[in-house]
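Structure first, commentary second.
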Amino acid sequence: MAPQVQTRRPAPVPPPTEPKMTLATVLRGVIDVPKRTLLYGVEGIGKTSFGANAPAPIFIGAEEGFGLLDVDRFPQPESFDQVREAVRTLRTDAHDYKTLVLDTLDWVEPLIWRYICERDNQANIEAYGYGKGYTAALDEWRALLNDLEMLRAAKRMEIVMLAHSWIKPFKNPEGDDFDRYELKINNKAAGLVKEWADVVLFANHETFAVKDRNKRVRGVSTGARLCFATRTAAYDAKNRYALPDSFPLDWAEYAAALKSGPDPLALAEEIKRKAAELGGEIEEKAVALLGQSLGNATKLAQINNRLNARLAEKSAAAEVA
């Protein structure tokens, strides 16, 4: 009797799917999405008040000035799990809040360190070995940012993260090192958070350096509290909305700047002034680019940023000389 030959049934063919990446599905236009704002700055300048004036805010945090404002807040979290629980509650429960304010990141960081140290049976963040604890903490920072991203998508809430600044030495790969204001958390975590944010603002008092009769330099403050939206050698800042270089530290001013963008005429005047200060070939190129970009606020902002960098280089060179 001949052996029976077993044949395999062919695998079922999956039904055809509707193609999505076609020219017919291409979209165009500005997408209005809730923004991810990081504001950091010196102590007592009004960071918490900035967040309190955002649309329908609710706070997660434990700052001292936080309790002096008439705002809605979660109970003070005692662990990193409770921070994430508060974010998840906002995502899953019905509410009318429009802005989540995390006050502050340098208050959250020790909670993250304590969480991973307890999980990994480490005495403290340094016990992991050189830099390894801070690297391990990045996964928890990513988890928190993912929670915030899910909240932003589910409830279309603005995310505002507040933090303090400190002055740290900056290792300059192109020349001499110098001091600058930095986000008051570990450098690795700071880089991750700044990359995630749409807008990074540095808050400080407006000050000027003046020389007296004996040529001694002293700082003079005008009393104005400002947000700075463009990176300089002194601090980190960025934005994706062609914001002005600086504006008053006030949510209404920030919202107006986001809505209207920079004034092209005012930007053009700034560019002319800065180009004249630099002079020479740089001035010629800037004036030529200005003529090609009149009325285009985004391009004008890019020219202005380049001139800011050149002025910073000129100032640094003058100090060395």
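Starting from 1 in every chain, residues are counted up; chains themselves are A, B, ... following the order of the structure tokens, and ligands are numbered from 1 as listed.
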
Worksheet item: Residues at most 12 Å from range 78-87 of chain A, counting only C-alpha atoms, excluding those fewer than 6 positions away in the same chain, as an MDAnalysis selection string?
Response: chainID A and resid 58:62 93 99:105 107:119 137 140:152 154:155 157 159

Please tabulate, as JSON lines, the residues of range 102-200 of chain A that come within 6 Å of range 34-56 of chain A, each with its closest pair of atoms and the distance in Å to one decimal, counting only C-alpha atoms and ordering rows by chain, then residue number upward.
```
{"residue": "A:Arg156", "atom": "CA", "partner": "A:Pro34", "partner_atom": "CA", "distance": 5.8}
{"residue": "A:Met157", "atom": "CA", "partner": "A:Pro34", "partner_atom": "CA", "distance": 5.9}
{"residue": "A:Glu158", "atom": "CA", "partner": "A:Pro34", "partner_atom": "CA", "distance": 4.9}
{"residue": "A:Ile159", "atom": "CA", "partner": "A:Arg36", "partner_atom": "CA", "distance": 4.9}
{"residue": "A:Val160", "atom": "CA", "partner": "A:Thr37", "partner_atom": "CA", "distance": 4.8}
{"residue": "A:Met161", "atom": "CA", "partner": "A:Leu38", "partner_atom": "CA", "distance": 4.7}
{"residue": "A:Leu162", "atom": "CA", "partner": "A:Leu39", "partner_atom": "CA", "distance": 5.0}
{"residue": "A:Ala163", "atom": "CA", "partner": "A:Tyr40", "partner_atom": "CA", "distance": 4.5}
{"residue": "A:His164", "atom": "CA", "partner": "A:Gly41", "partner_atom": "CA", "distance": 5.1}
{"residue": "A:Ser165", "atom": "CA", "partner": "A:Gly41", "partner_atom": "CA", "distance": 4.9}
{"residue": "A:Ala197", "atom": "CA", "partner": "A:Arg36", "partner_atom": "CA", "distance": 5.0}
{"residue": "A:Asp198", "atom": "CA", "partner": "A:Arg36", "partner_atom": "CA", "distance": 5.2}
{"residue": "A:Val199", "atom": "CA", "partner": "A:Thr37", "partner_atom": "CA", "distance": 4.9}
{"residue": "A:Val200", "atom": "CA", "partner": "A:Leu38", "partner_atom": "CA", "distance": 4.8}
```

I need the residues from that last selection saved to file as a compact mmCIF listing (two decimals), in the first residue's frame (with C-alpha atoms), if you can.
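Below you can see selection_24.txt, which holds the result:
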```txt
# COMPACT_ATOMS: atom_id res chain seq x y z
CA ARG A 156 -5.60 68.59 23.42
CA MET A 157 -4.05 70.15 26.52
CA GLU A 158 -1.18 72.61 26.49
CA ILE A 159 1.86 71.30 28.38
CA VAL A 160 3.90 73.82 30.37
CA MET A 161 7.04 72.64 32.17
CA LEU A 162 8.74 75.02 34.60
CA ALA A 163 12.28 74.76 35.96
CA HIS A 164 14.99 76.71 37.72
CA SER A 165 18.29 77.68 36.18
CA ALA A 197 9.67 70.86 23.80
CA ASP A 198 8.39 73.05 20.97
CA VAL A 199 9.41 76.23 22.80
CA VAL A 200 12.25 76.68 25.30
```

Glu182 in chain A environment, 12 Å, only C-alpha atoms, sequence neighbours closer than 2 positions dropped, as a PDB file with C-alpha atoms, in the first residue's frame:
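out.pdb written:
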```pdb
ATOM      1  CA  LEU A  39      10.196  77.882  30.767  1.00  0.00           C
ATOM      2  CA  TYR A  40      13.246  78.004  33.023  1.00  0.00           C
ATOM      3  CA  GLY A  41      14.917  80.889  34.782  1.00  0.00           C
ATOM      4  CA  VAL A  42      16.267  82.472  37.934  1.00  0.00           C
ATOM      5  CA  ASP A 106      14.090  70.020  39.175  1.00  0.00           C
ATOM      6  CA  ALA A 163      12.277  74.757  35.960  1.00  0.00           C
ATOM      7  CA  HIS A 164      14.987  76.712  37.724  1.00  0.00           C
ATOM      8  CA  SER A 165      18.294  77.683  36.178  1.00  0.00           C
ATOM      9  CA  TRP A 166      21.834  77.581  37.482  1.00  0.00           C
ATOM     10  CA  ILE A 167      25.141  78.884  36.187  1.00  0.00           C
ATOM     11  CA  LYS A 168      27.454  76.137  34.973  1.00  0.00           C
ATOM     12  CA  PRO A 169      30.788  76.046  33.141  1.00  0.00           C
ATOM     13  CA  PHE A 170      30.320  75.331  29.430  1.00  0.00           C
ATOM     14  CA  ASP A 179      29.880  80.144  32.159  1.00  0.00           C
ATOM     15  CA  ARG A 180      26.243  80.117  31.058  1.00  0.00           C
ATOM     16  CA  LYS A 184      18.833  72.900  36.680  1.00  0.00           C
ATOM     17  CA  ILE A 185      18.673  69.169  36.044  1.00  0.00           C
ATOM     18  CA  ASN A 186      21.202  66.608  34.841  1.00  0.00           C
ATOM     19  CA  ASN A 187      22.594  67.461  31.410  1.00  0.00           C
ATOM     20  CA  ALA A 189      17.794  64.776  31.056  1.00  0.00           C
ATOM     21  CA  ALA A 190      17.951  68.468  30.112  1.00  0.00           C
ATOM     22  CA  GLY A 191      18.908  67.603  26.542  1.00  0.00           C
ATOM     23  CA  LYS A 194      14.643  70.518  25.508  1.00  0.00           C
ATOM     24  CA  VAL A 200      12.246  76.677  25.300  1.00  0.00           C
ATOM     25  CA  LEU A 201      12.170  80.059  27.046  1.00  0.00           C
ATOM     26  CA  PHE A 202      14.731  81.509  29.424  1.00  0.00           C
ATOM     27  CA  ALA A 203      13.393  84.001  31.986  1.00  0.00           C
ATOM     28  CA  ARG A 231      19.709  80.892  21.987  1.00  0.00           C
ATOM     29  CA  THR A 232      22.804  82.901  22.893  1.00  0.00           C
ATOM     30  CA  ALA A 233      26.146  82.051  24.456  1.00  0.00           C
ATOM     31  CA  ALA A 234      24.633  82.925  27.852  1.00  0.00           C
ATOM     32  CA  TYR A 235      21.621  80.557  27.795  1.00  0.00           C
ATOM     33  CA  ASP A 236      19.701  77.964  25.793  1.00  0.00           C
ATOM     34  CA  ALA A 237      16.425  78.872  24.110  1.00  0.00           C
TER      35      ALA A 237
END
```

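Among the candidate residues A:Leu265, A:Ala123, A:Leu294, A:Leu278, the one lying nearest to Glu313 in chain A is A:Leu278, with distances computed using only C-alpha atoms.
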
Worksheet item: So which one's closest to Gly295 in chain A, A:Pro264, A:Ala252, A:Gly280, A:Pro75? Using only C-alpha atoms, please.
Response: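 Distance minimum relative to Gly295 in chain A lands on A:Pro264.
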
Worksheet item: So what do you get for CA of Phe228 in chain A versus CA of Ser293 in chain A, distance-wise?
Response: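 We find that CA of Phe228 in chain A and CA of Ser293 in chain A lie 23.7 Å from each other.
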
Item to complete: Find, counting only C-alpha atoms, the residue in A:Ile125, A:Leu267, A:Ala275, A:Val71 that gets nearest to Gln302 in chain A.
Response: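 Going through A:Ile125, A:Leu267, A:Ala275, A:Val71 one by one, the smallest distance to Gln302 in chain A is for A:Leu267.
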
Worksheet item: Could you pull out the strand (DSSP E or B) residues of range 49-169 of chain A from DSSP and send them as number ranges by chain?
Response: A: 57-61, 72-73, 99-103, 158-169

Please produce a file of the residues just selected, as a CSV table (one decimal), in the first residue's frame, where the atoms kept are N, CA and C atoms.
```
chain,number,residue,atom,x,y,z
A,57,PRO,N,-5.6,76.3,33.8
A,57,PRO,CA,-4.5,75.4,34.2
A,57,PRO,C,-4.8,74.5,35.4
A,58,ILE,N,-4.1,73.4,35.5
A,58,ILE,CA,-4.1,72.6,36.7
A,58,ILE,C,-2.6,72.2,36.9
A,59,PHE,N,-2.2,72.3,38.1
A,59,PHE,CA,-0.8,72.1,38.5
A,59,PHE,C,-0.5,70.7,39.1
A,60,ILE,N,0.7,70.2,38.7
A,60,ILE,CA,1.3,69.1,39.5
A,60,ILE,C,2.7,69.7,40.0
A,61,GLY,N,2.9,69.7,41.3
A,61,GLY,CA,4.1,70.2,41.8
A,61,GLY,C,4.2,70.5,43.3
A,72,ASP,N,-6.0,75.5,40.6
A,72,ASP,CA,-6.3,74.1,40.9
A,72,ASP,C,-5.0,73.3,40.8
A,73,ARG,N,-4.9,72.4,41.8
A,73,ARG,CA,-3.7,71.6,41.9
A,73,ARG,C,-4.0,70.2,42.4
A,99,THR,N,-4.7,73.3,30.3
A,99,THR,CA,-3.3,73.4,30.4
A,99,THR,C,-2.8,72.6,31.6
A,100,LEU,N,-1.8,71.7,31.4
A,100,LEU,CA,-1.1,71.1,32.6
A,100,LEU,C,0.2,71.8,32.8
A,101,VAL,N,0.4,72.2,34.1
A,101,VAL,CA,1.6,72.9,34.4
A,101,VAL,C,2.4,72.0,35.4
A,102,LEU,N,3.6,71.6,35.0
A,102,LEU,CA,4.5,70.8,35.8
A,102,LEU,C,5.5,71.7,36.5
A,103,ASP,N,5.4,71.9,37.8
A,103,ASP,CA,6.1,72.9,38.5
A,103,ASP,C,6.9,72.3,39.7
A,158,GLU,N,-2.5,72.0,26.5
A,158,GLU,CA,-1.2,72.6,26.5
A,158,GLU,C,-0.3,72.0,27.6
A,159,ILE,N,0.9,71.8,27.4
A,159,ILE,CA,1.9,71.3,28.4
A,159,ILE,C,2.9,72.4,28.7
A,160,VAL,N,2.9,72.8,29.9
A,160,VAL,CA,3.9,73.8,30.4
A,160,VAL,C,4.8,73.2,31.4
A,161,MET,N,6.1,73.2,31.2
A,161,MET,CA,7.0,72.6,32.2
A,161,MET,C,7.9,73.8,32.7
A,162,LEU,N,8.0,73.9,34.0
A,162,LEU,CA,8.7,75.0,34.6
A,162,LEU,C,10.0,74.4,35.3
A,163,ALA,N,11.0,75.2,35.3
A,163,ALA,CA,12.3,74.8,36.0
A,163,ALA,C,13.1,75.9,36.4
A,164,HIS,N,14.0,75.7,37.3
A,164,HIS,CA,15.0,76.7,37.7
A,164,HIS,C,16.2,76.6,36.8
A,165,SER,N,17.0,77.7,36.9
A,165,SER,CA,18.3,77.7,36.2
A,165,SER,C,19.4,77.7,37.2
A,166,TRP,N,20.6,77.4,36.7
A,166,TRP,CA,21.8,77.6,37.5
A,166,TRP,C,22.9,77.9,36.5
A,167,ILE,N,24.0,78.5,37.0
A,167,ILE,CA,25.1,78.9,36.2
A,167,ILE,C,26.2,77.8,36.2
A,168,LYS,N,26.5,77.3,35.1
A,168,LYS,CA,27.5,76.1,35.0
A,168,LYS,C,28.6,76.4,34.0
A,169,PRO,N,29.7,75.9,34.2
A,169,PRO,CA,30.8,76.0,33.1
A,169,PRO,C,30.4,75.3,31.9
```
